[in-house]
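Below is final11.cif, which holds mmCIF, N, CA and C atoms.
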```
data_target
loop_
_atom_site.label_atom_id
_atom_site.label_comp_id
_atom_site.auth_asym_id
_atom_site.auth_seq_id
_atom_site.Cartn_x
_atom_site.Cartn_y
_atom_site.Cartn_z
N MET A 366 8.15 -41.47 -17.53
CA MET A 366 7.93 -42.90 -17.42
C MET A 366 6.46 -43.19 -17.68
N LEU A 367 6.20 -44.24 -18.46
CA LEU A 367 4.84 -44.61 -18.81
C LEU A 367 4.66 -46.10 -18.63
N HIS A 368 3.52 -46.48 -18.10
CA HIS A 368 3.12 -47.88 -18.06
C HIS A 368 1.66 -47.92 -18.49
N ALA A 369 1.38 -48.68 -19.53
CA ALA A 369 0.00 -48.76 -20.03
C ALA A 369 -0.40 -50.20 -20.20
N ASN A 370 -1.67 -50.51 -19.91
CA ASN A 370 -2.23 -51.81 -20.23
C ASN A 370 -3.65 -51.58 -20.73
N SER A 371 -4.48 -52.61 -20.74
CA SER A 371 -5.79 -52.48 -21.37
C SER A 371 -6.71 -51.48 -20.70
N ASN A 372 -6.48 -51.13 -19.43
CA ASN A 372 -7.41 -50.19 -18.80
C ASN A 372 -6.72 -49.14 -17.94
N SER A 373 -5.39 -49.06 -17.98
CA SER A 373 -4.70 -48.12 -17.10
C SER A 373 -3.51 -47.51 -17.82
N THR A 374 -3.35 -46.21 -17.65
CA THR A 374 -2.17 -45.50 -18.13
C THR A 374 -1.64 -44.68 -16.98
N LYS A 375 -0.33 -44.78 -16.73
CA LYS A 375 0.31 -44.01 -15.68
C LYS A 375 1.37 -43.12 -16.29
N VAL A 376 1.38 -41.86 -15.87
CA VAL A 376 2.36 -40.90 -16.37
C VAL A 376 3.01 -40.22 -15.18
N GLU A 377 4.35 -40.22 -15.16
CA GLU A 377 5.06 -39.54 -14.09
C GLU A 377 5.26 -38.08 -14.47
N ILE A 378 4.92 -37.20 -13.54
CA ILE A 378 5.13 -35.77 -13.75
C ILE A 378 5.54 -35.16 -12.43
N SER A 379 6.70 -34.57 -12.44
CA SER A 379 7.18 -33.81 -11.29
C SER A 379 7.19 -34.63 -9.99
N GLY A 380 7.62 -35.89 -10.11
CA GLY A 380 7.73 -36.74 -8.93
C GLY A 380 6.46 -37.43 -8.49
N ALA A 381 5.35 -37.16 -9.14
CA ALA A 381 4.08 -37.81 -8.84
C ALA A 381 3.67 -38.69 -10.03
N VAL A 382 2.76 -39.61 -9.79
CA VAL A 382 2.28 -40.48 -10.86
C VAL A 382 0.78 -40.24 -11.05
N LEU A 383 0.43 -39.78 -12.23
CA LEU A 383 -0.96 -39.54 -12.61
C LEU A 383 -1.46 -40.81 -13.29
N GLU A 384 -2.54 -41.40 -12.73
CA GLU A 384 -3.06 -42.66 -13.28
C GLU A 384 -4.47 -42.47 -13.81
N PHE A 385 -4.69 -42.99 -15.01
CA PHE A 385 -5.99 -42.98 -15.67
C PHE A 385 -6.44 -44.43 -15.81
N ARG A 386 -7.56 -44.79 -15.18
CA ARG A 386 -8.12 -46.15 -15.27
C ARG A 386 -9.47 -46.07 -15.97
N THR A 387 -9.54 -46.67 -17.15
CA THR A 387 -10.75 -46.59 -17.97
C THR A 387 -11.44 -47.94 -18.01
N ASN A 388 -12.77 -47.93 -17.76
CA ASN A 388 -13.51 -49.19 -17.78
C ASN A 388 -14.17 -49.41 -19.15
N ALA A 389 -14.90 -50.49 -19.28
CA ALA A 389 -15.53 -50.85 -20.55
C ALA A 389 -16.57 -49.84 -21.00
N SER A 390 -17.10 -49.05 -20.08
CA SER A 390 -18.09 -48.02 -20.43
C SER A 390 -17.43 -46.70 -20.80
N ASN A 391 -16.09 -46.70 -20.91
CA ASN A 391 -15.34 -45.50 -21.30
C ASN A 391 -15.28 -44.46 -20.17
N TRP A 392 -15.56 -44.88 -18.93
CA TRP A 392 -15.50 -43.98 -17.77
C TRP A 392 -14.09 -44.06 -17.20
N CYS A 393 -13.43 -42.94 -17.06
CA CYS A 393 -12.03 -42.90 -16.67
C CYS A 393 -11.85 -42.29 -15.28
N GLN A 394 -11.36 -43.09 -14.34
CA GLN A 394 -11.02 -42.63 -13.00
C GLN A 394 -9.61 -42.05 -13.03
N VAL A 395 -9.41 -40.92 -12.33
CA VAL A 395 -8.10 -40.27 -12.32
C VAL A 395 -7.62 -40.16 -10.88
N GLU A 396 -6.39 -40.64 -10.65
CA GLU A 396 -5.78 -40.56 -9.33
C GLU A 396 -4.37 -40.02 -9.48
N LEU A 397 -3.86 -39.40 -8.41
CA LEU A 397 -2.51 -38.88 -8.38
C LEU A 397 -1.79 -39.45 -7.17
N ASP A 398 -0.76 -40.26 -7.45
CA ASP A 398 0.05 -40.85 -6.39
C ASP A 398 1.20 -39.90 -6.10
N VAL A 399 1.18 -39.30 -4.92
CA VAL A 399 2.20 -38.32 -4.55
C VAL A 399 3.23 -38.91 -3.59
N GLY A 400 3.26 -40.22 -3.46
CA GLY A 400 4.23 -40.88 -2.59
C GLY A 400 3.64 -41.24 -1.25
N GLU A 401 3.36 -40.25 -0.43
CA GLU A 401 2.82 -40.53 0.90
C GLU A 401 1.34 -40.86 0.88
N CYS A 402 0.65 -40.56 -0.22
CA CYS A 402 -0.77 -40.91 -0.35
C CYS A 402 -1.18 -40.86 -1.82
N VAL A 403 -2.36 -41.40 -2.10
CA VAL A 403 -2.94 -41.35 -3.44
C VAL A 403 -4.17 -40.46 -3.36
N LEU A 404 -4.18 -39.43 -4.20
CA LEU A 404 -5.30 -38.49 -4.24
C LEU A 404 -6.27 -38.89 -5.33
N ARG A 405 -7.51 -39.14 -4.96
CA ARG A 405 -8.55 -39.44 -5.95
C ARG A 405 -9.06 -38.11 -6.48
N LEU A 406 -8.80 -37.84 -7.76
CA LEU A 406 -9.12 -36.54 -8.35
C LEU A 406 -10.52 -36.47 -8.94
N GLY A 407 -11.04 -37.61 -9.40
CA GLY A 407 -12.38 -37.64 -9.99
C GLY A 407 -12.41 -38.52 -11.22
N ALA A 408 -13.38 -38.30 -12.07
CA ALA A 408 -13.56 -39.15 -13.25
C ALA A 408 -14.30 -38.38 -14.34
N GLU A 409 -14.22 -38.93 -15.54
CA GLU A 409 -14.90 -38.34 -16.69
C GLU A 409 -14.85 -39.37 -17.82
N LYS A 410 -15.69 -39.21 -18.82
CA LYS A 410 -15.63 -40.05 -20.02
C LYS A 410 -14.27 -39.83 -20.68
N SER A 411 -13.59 -40.92 -21.05
CA SER A 411 -12.23 -40.78 -21.58
C SER A 411 -12.18 -40.01 -22.90
N ASP A 412 -13.23 -40.12 -23.74
CA ASP A 412 -13.20 -39.38 -25.00
C ASP A 412 -13.35 -37.87 -24.79
N PHE A 413 -13.90 -37.46 -23.67
CA PHE A 413 -13.97 -36.05 -23.29
C PHE A 413 -12.66 -35.62 -22.60
N LEU A 414 -12.15 -36.50 -21.74
CA LEU A 414 -11.00 -36.18 -20.92
C LEU A 414 -9.68 -36.17 -21.69
N GLU A 415 -9.48 -37.15 -22.55
CA GLU A 415 -8.19 -37.31 -23.23
C GLU A 415 -7.74 -36.06 -23.98
N PRO A 416 -8.56 -35.42 -24.82
CA PRO A 416 -8.06 -34.23 -25.52
C PRO A 416 -7.68 -33.08 -24.57
N LYS A 417 -8.40 -32.96 -23.48
CA LYS A 417 -8.09 -31.91 -22.50
C LYS A 417 -6.77 -32.18 -21.79
N ILE A 418 -6.55 -33.44 -21.40
CA ILE A 418 -5.30 -33.82 -20.76
C ILE A 418 -4.13 -33.65 -21.73
N VAL A 419 -4.31 -34.11 -22.95
CA VAL A 419 -3.25 -33.98 -23.96
C VAL A 419 -2.89 -32.52 -24.16
N HIS A 420 -3.88 -31.66 -24.34
CA HIS A 420 -3.61 -30.23 -24.53
C HIS A 420 -2.90 -29.63 -23.33
N ALA A 421 -3.37 -29.93 -22.13
CA ALA A 421 -2.79 -29.34 -20.92
C ALA A 421 -1.32 -29.70 -20.75
N PHE A 422 -0.98 -30.97 -20.98
CA PHE A 422 0.37 -31.42 -20.67
C PHE A 422 1.34 -31.42 -21.84
N THR A 423 0.86 -31.26 -23.08
CA THR A 423 1.78 -31.32 -24.23
C THR A 423 2.05 -29.97 -24.87
N SER A 424 1.35 -28.94 -24.45
CA SER A 424 1.60 -27.61 -25.00
C SER A 424 2.10 -26.69 -23.89
N LEU A 425 2.76 -25.63 -24.27
CA LEU A 425 3.28 -24.67 -23.31
C LEU A 425 2.24 -23.59 -23.07
N SER A 426 1.96 -23.33 -21.81
CA SER A 426 1.02 -22.26 -21.47
C SER A 426 1.56 -20.91 -21.94
N ASN A 427 0.66 -20.07 -22.43
CA ASN A 427 1.02 -18.71 -22.82
C ASN A 427 0.70 -17.71 -21.72
N SER A 428 0.15 -18.17 -20.63
CA SER A 428 -0.36 -17.29 -19.59
C SER A 428 0.53 -17.27 -18.35
N ALA A 429 0.86 -16.08 -17.89
CA ALA A 429 1.59 -15.94 -16.63
C ALA A 429 0.64 -16.08 -15.44
N GLU A 430 -0.65 -16.03 -15.69
CA GLU A 430 -1.67 -16.22 -14.66
C GLU A 430 -2.20 -17.65 -14.76
N PRO A 431 -2.62 -18.25 -13.65
CA PRO A 431 -3.18 -19.60 -13.72
C PRO A 431 -4.37 -19.66 -14.69
N GLU A 432 -4.38 -20.69 -15.52
CA GLU A 432 -5.50 -20.90 -16.44
C GLU A 432 -6.13 -22.26 -16.15
N TRP A 433 -7.46 -22.28 -16.09
CA TRP A 433 -8.20 -23.51 -15.86
C TRP A 433 -8.06 -24.41 -17.07
N MET A 434 -7.77 -25.69 -16.83
CA MET A 434 -7.62 -26.64 -17.92
C MET A 434 -8.76 -27.65 -17.97
N LEU A 435 -9.21 -28.15 -16.80
CA LEU A 435 -10.31 -29.10 -16.77
C LEU A 435 -10.77 -29.31 -15.35
N SER A 436 -12.00 -29.78 -15.23
CA SER A 436 -12.57 -30.20 -13.95
C SER A 436 -13.14 -31.60 -14.13
N LEU A 437 -13.05 -32.40 -13.08
CA LEU A 437 -13.51 -33.77 -13.12
C LEU A 437 -14.79 -33.95 -12.32
N ALA A 438 -15.61 -34.90 -12.74
CA ALA A 438 -16.82 -35.25 -11.99
C ALA A 438 -16.42 -36.05 -10.76
N GLU A 439 -17.38 -36.35 -9.94
CA GLU A 439 -17.27 -37.14 -8.71
C GLU A 439 -16.55 -36.38 -7.60
N GLU A 440 -15.23 -36.25 -7.66
CA GLU A 440 -14.49 -35.54 -6.61
C GLU A 440 -14.39 -34.04 -6.89
N HIS A 441 -14.68 -33.64 -8.10
CA HIS A 441 -14.73 -32.23 -8.50
C HIS A 441 -13.40 -31.50 -8.37
N CYS A 442 -12.31 -32.19 -8.64
CA CYS A 442 -11.00 -31.54 -8.65
C CYS A 442 -10.77 -30.88 -10.00
N SER A 443 -9.98 -29.81 -10.00
CA SER A 443 -9.70 -29.05 -11.21
C SER A 443 -8.19 -28.90 -11.40
N LEU A 444 -7.78 -28.93 -12.68
CA LEU A 444 -6.38 -28.76 -13.05
C LEU A 444 -6.18 -27.36 -13.60
N TYR A 445 -5.12 -26.71 -13.14
CA TYR A 445 -4.72 -25.39 -13.63
C TYR A 445 -3.27 -25.45 -14.06
N ARG A 446 -2.88 -24.54 -14.97
CA ARG A 446 -1.48 -24.42 -15.34
C ARG A 446 -1.16 -22.96 -15.64
N GLN A 447 0.13 -22.64 -15.62
CA GLN A 447 0.57 -21.31 -16.00
C GLN A 447 2.01 -21.39 -16.46
N ASN A 448 2.45 -20.37 -17.18
CA ASN A 448 3.81 -20.28 -17.68
C ASN A 448 4.65 -19.56 -16.65
N VAL A 449 5.69 -20.23 -16.17
CA VAL A 449 6.64 -19.63 -15.24
C VAL A 449 8.04 -19.86 -15.82
N GLU A 450 8.71 -18.78 -16.17
CA GLU A 450 10.07 -18.86 -16.70
C GLU A 450 10.17 -19.77 -17.92
N GLY A 451 9.15 -19.75 -18.78
CA GLY A 451 9.18 -20.53 -20.01
C GLY A 451 8.87 -22.00 -19.85
N LYS A 452 8.38 -22.40 -18.70
CA LYS A 452 7.99 -23.79 -18.46
C LYS A 452 6.59 -23.82 -17.87
N ASN A 453 5.97 -25.00 -17.91
CA ASN A 453 4.64 -25.16 -17.33
C ASN A 453 4.74 -25.41 -15.83
N TYR A 454 3.81 -24.83 -15.11
CA TYR A 454 3.62 -25.07 -13.68
C TYR A 454 2.16 -25.51 -13.54
N PHE A 455 1.92 -26.67 -12.93
CA PHE A 455 0.57 -27.22 -12.78
C PHE A 455 0.18 -27.27 -11.32
N PHE A 456 -1.12 -27.18 -11.08
CA PHE A 456 -1.63 -27.50 -9.75
C PHE A 456 -3.05 -28.01 -9.85
N TRP A 457 -3.38 -28.92 -8.93
CA TRP A 457 -4.74 -29.44 -8.78
C TRP A 457 -5.38 -28.78 -7.58
N GLN A 458 -6.65 -28.44 -7.71
CA GLN A 458 -7.44 -27.92 -6.59
C GLN A 458 -8.58 -28.89 -6.32
N ASN A 459 -8.95 -29.01 -5.04
CA ASN A 459 -10.09 -29.84 -4.70
C ASN A 459 -11.39 -29.04 -4.84
N ALA A 460 -12.50 -29.63 -4.46
CA ALA A 460 -13.81 -28.98 -4.62
C ALA A 460 -13.96 -27.72 -3.77
N ARG A 461 -13.11 -27.57 -2.76
CA ARG A 461 -13.14 -26.37 -1.90
C ARG A 461 -12.11 -25.32 -2.35
N ALA A 462 -11.56 -25.50 -3.56
CA ALA A 462 -10.57 -24.59 -4.14
C ALA A 462 -9.27 -24.53 -3.34
N GLU A 463 -8.95 -25.63 -2.64
CA GLU A 463 -7.69 -25.75 -1.93
C GLU A 463 -6.69 -26.47 -2.83
N ARG A 464 -5.47 -25.95 -2.90
CA ARG A 464 -4.44 -26.64 -3.69
C ARG A 464 -4.05 -27.92 -2.98
N ILE A 465 -4.16 -29.02 -3.73
CA ILE A 465 -3.83 -30.32 -3.14
C ILE A 465 -2.55 -30.90 -3.74
N TRP A 466 -2.03 -30.30 -4.82
CA TRP A 466 -0.77 -30.72 -5.41
C TRP A 466 -0.26 -29.63 -6.32
N GLU A 467 1.06 -29.44 -6.32
CA GLU A 467 1.71 -28.48 -7.21
C GLU A 467 2.91 -29.15 -7.87
N SER A 468 3.15 -28.84 -9.12
CA SER A 468 4.29 -29.42 -9.83
C SER A 468 5.52 -28.54 -9.70
N ASP A 469 6.65 -29.12 -10.09
CA ASP A 469 7.83 -28.32 -10.36
C ASP A 469 7.60 -27.66 -11.72
N LEU A 470 8.56 -26.88 -12.19
CA LEU A 470 8.48 -26.33 -13.54
C LEU A 470 8.85 -27.43 -14.52
N VAL A 471 7.98 -27.70 -15.49
CA VAL A 471 8.20 -28.82 -16.40
C VAL A 471 8.01 -28.38 -17.85
N ASP A 472 8.73 -29.08 -18.73
CA ASP A 472 8.56 -28.90 -20.16
C ASP A 472 7.32 -29.66 -20.59
N PRO A 473 6.72 -29.29 -21.75
CA PRO A 473 5.60 -30.08 -22.26
C PRO A 473 5.99 -31.54 -22.47
N LEU A 474 5.04 -32.45 -22.24
CA LEU A 474 5.27 -33.88 -22.39
C LEU A 474 5.00 -34.33 -23.82
N ASP A 475 5.50 -35.51 -24.16
CA ASP A 475 5.23 -36.13 -25.44
C ASP A 475 3.77 -36.58 -25.47
N GLU A 476 3.06 -36.26 -26.52
CA GLU A 476 1.63 -36.59 -26.63
C GLU A 476 1.37 -38.09 -26.53
N ALA A 477 2.30 -38.91 -26.98
CA ALA A 477 2.11 -40.37 -26.95
C ALA A 477 1.95 -40.89 -25.53
N LEU A 478 2.46 -40.17 -24.54
CA LEU A 478 2.35 -40.60 -23.15
C LEU A 478 0.95 -40.45 -22.59
N LEU A 479 0.11 -39.66 -23.25
CA LEU A 479 -1.16 -39.26 -22.65
C LEU A 479 -2.38 -39.81 -23.37
N GLN A 480 -2.24 -40.89 -24.10
CA GLN A 480 -3.38 -41.51 -24.75
C GLN A 480 -4.03 -42.46 -23.75
N ILE A 481 -5.22 -42.10 -23.29
CA ILE A 481 -5.84 -42.82 -22.19
C ILE A 481 -7.08 -43.60 -22.56
N SER A 482 -7.56 -43.49 -23.78
CA SER A 482 -8.77 -44.22 -24.15
C SER A 482 -8.45 -45.71 -24.26
N PRO A 483 -9.42 -46.58 -23.95
CA PRO A 483 -9.15 -48.02 -23.94
C PRO A 483 -8.64 -48.54 -25.28
N ALA A 484 -9.16 -48.07 -26.38
CA ALA A 484 -8.75 -48.56 -27.69
C ALA A 484 -7.28 -48.29 -27.94
N VAL A 485 -6.81 -47.14 -27.52
CA VAL A 485 -5.41 -46.79 -27.72
C VAL A 485 -4.54 -47.53 -26.72
N SER A 486 -4.90 -47.50 -25.46
CA SER A 486 -4.08 -48.11 -24.42
C SER A 486 -3.94 -49.62 -24.62
N ALA A 487 -4.95 -50.26 -25.14
CA ALA A 487 -4.91 -51.71 -25.30
C ALA A 487 -3.90 -52.14 -26.37
N THR A 488 -3.52 -51.23 -27.26
CA THR A 488 -2.64 -51.60 -28.35
C THR A 488 -1.16 -51.44 -28.05
N ARG A 489 -0.82 -50.87 -26.88
CA ARG A 489 0.59 -50.67 -26.58
C ARG A 489 0.86 -50.92 -25.11
N ARG A 490 2.06 -51.35 -24.84
CA ARG A 490 2.47 -51.54 -23.45
C ARG A 490 3.93 -51.16 -23.35
N VAL A 491 4.22 -50.24 -22.48
CA VAL A 491 5.59 -49.82 -22.24
C VAL A 491 5.88 -50.06 -20.79
N ASP A 492 6.88 -50.84 -20.49
CA ASP A 492 7.24 -51.11 -19.09
C ASP A 492 8.29 -50.12 -18.65
N ALA A 493 8.09 -49.60 -17.44
CA ALA A 493 9.04 -48.62 -16.91
C ALA A 493 10.25 -49.32 -16.34
#
```

Whole structure, structure tokens version:
Amino acid sequence: MLHANSNSTKVEISGAVLEFRTNASNWCQVELDVGECVLRLGAEKSDFLEPKIVHAFTSLSNSAEPEWMLSLAEEHCSLYRQNVEGKNYFFWQNARAERIWESDLVDPLDEALLQISPAVSATRRVDA
């Protein structure tokens, strides 16, 4: 499920909603809504963040061991993934290297769901 407008893109993954909010300065805040709470993961420039997010979620990991995918500024959370039974398994760690969220086993996502830069998001809107 995707919902995008001029400054926000939301992507559902494994029962949680990953939200990217980009301002006019191209600074992108990232939050993860896990139902009982919203985890503020951090932020980064969207032109730096978008290719890393797209790669992490649209390709299949080749590693049976956790592989680092990206780290965010401000809250200093990091995303990891690994291949389990031919599917991706993701987890976020906080600045103290504590796991704060884990996914189910998921297939790679469609790249169109993960375009988070303002120029791209402003041109499309998909209502869930």

Checklist entry - Between atom C of Ser373 (chain A) and atom C of Pro431 (chain A), what is the spacing in Å? => result 28.0 Å

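You can rank A:Lys452, A:Lys410, A:His420, A:His441 by their closest distance to Asn388 (chain A) using only C-alpha atoms, and at the top of that list sits A:Lys410.
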
Next on the checklist: For this structure, which residues satisfy the selection - the PyMOL selection byres ((chain A and resi 393-401) around 6.5) - when it is evaluated on the file as given? I want them as a count of residues only.
Outcome noted: 21

Build an axis-aligned box that encloses every atom of region 387-406 of chain A listed in the file, pad it by 6 Å on each side, and report its centre and edge lengths in Å to one decimal, as JSON.
```
{"center_x": -6.9, "center_y": -43.7, "center_z": -10.2, "size_x": 34.3, "size_y": 26.4, "size_z": 34.2}
```

Checklist entry - Can you list, as a PyMOL selection string, every residue of chain A that DSSP puts in helix (DSSP H, G or I)? => result chain A and resi 411-423+476-479+483-486

Can you list, as a short mmCIF file (atom, residue, chain, number, x, y, z; two decimals) with N, CA and C atoms, in the frame of the given file, every protein, DNA or RNA residue that comes within 7 Å of Val449 (chain A) when you count all atoms listed in the file, leaving out same-chain residues fewer than 4 positions away?
```
data_model
loop_
_atom_site.label_atom_id
_atom_site.label_comp_id
_atom_site.auth_asym_id
_atom_site.auth_seq_id
_atom_site.Cartn_x
_atom_site.Cartn_y
_atom_site.Cartn_z
N SER A 428 0.15 -18.17 -20.63
CA SER A 428 -0.36 -17.29 -19.59
C SER A 428 0.53 -17.27 -18.35
N ALA A 429 0.86 -16.08 -17.89
CA ALA A 429 1.59 -15.94 -16.63
C ALA A 429 0.64 -16.08 -15.44
N ASN A 453 5.97 -25.00 -17.91
CA ASN A 453 4.64 -25.16 -17.33
C ASN A 453 4.74 -25.41 -15.83
N TYR A 454 3.81 -24.83 -15.11
CA TYR A 454 3.62 -25.07 -13.68
C TYR A 454 2.16 -25.51 -13.54
N LEU A 470 8.56 -26.88 -12.19
CA LEU A 470 8.48 -26.33 -13.54
C LEU A 470 8.85 -27.43 -14.52
#
```

Checklist entry - For the atom pair atom C of Asp469 (chain A) and atom C of Leu425 (chain A), what is the interatomic distance in Å to one decimal place? => result 13.2 Å

Item to check | Close residues, Met434 (chain A) itself excluded, 7 Å, only N, CA and C atoms, min 2 positions apart in chain, as an MDAnalysis selection string | outcome: chainID A and resid 417 421 432 436 443:446

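Note that the spacing between CA of Phe413 (chain A) and CA of Gly451 (chain A) amounts to 28.1 Å.
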
Next on the checklist: Here's the selection I'm unsure about, the PyMOL selection byres ((chain A and resi 473) around 6); applied to the file above, which residues does it give, as a list in words?
Outcome noted: Phe422, Thr423, Ser424, Leu425, Asn453, Val471, Asp472, Leu474 and Asp475 of chain A

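Nearest to Asn372 (chain A) of all the residues A:Asn427, A:Gln458, A:Ser468, A:Ser390 is A:Ser390, counting only C-alpha atoms.
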
Next on the checklist: Residues of region 413-487 of chain A classed as strand (DSSP E or B) by DSSP on the backbone are to be reported as an MDAnalysis selection string.
Outcome noted: chainID A and resid 432:436 438 443:449 452:458 464:467 471

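Shortest atom-to-atom contact with Ala462 (chain A) among A:Glu440, A:Glu377, A:Glu476, A:Asn448: A:Glu440, counting only C-alpha atoms.
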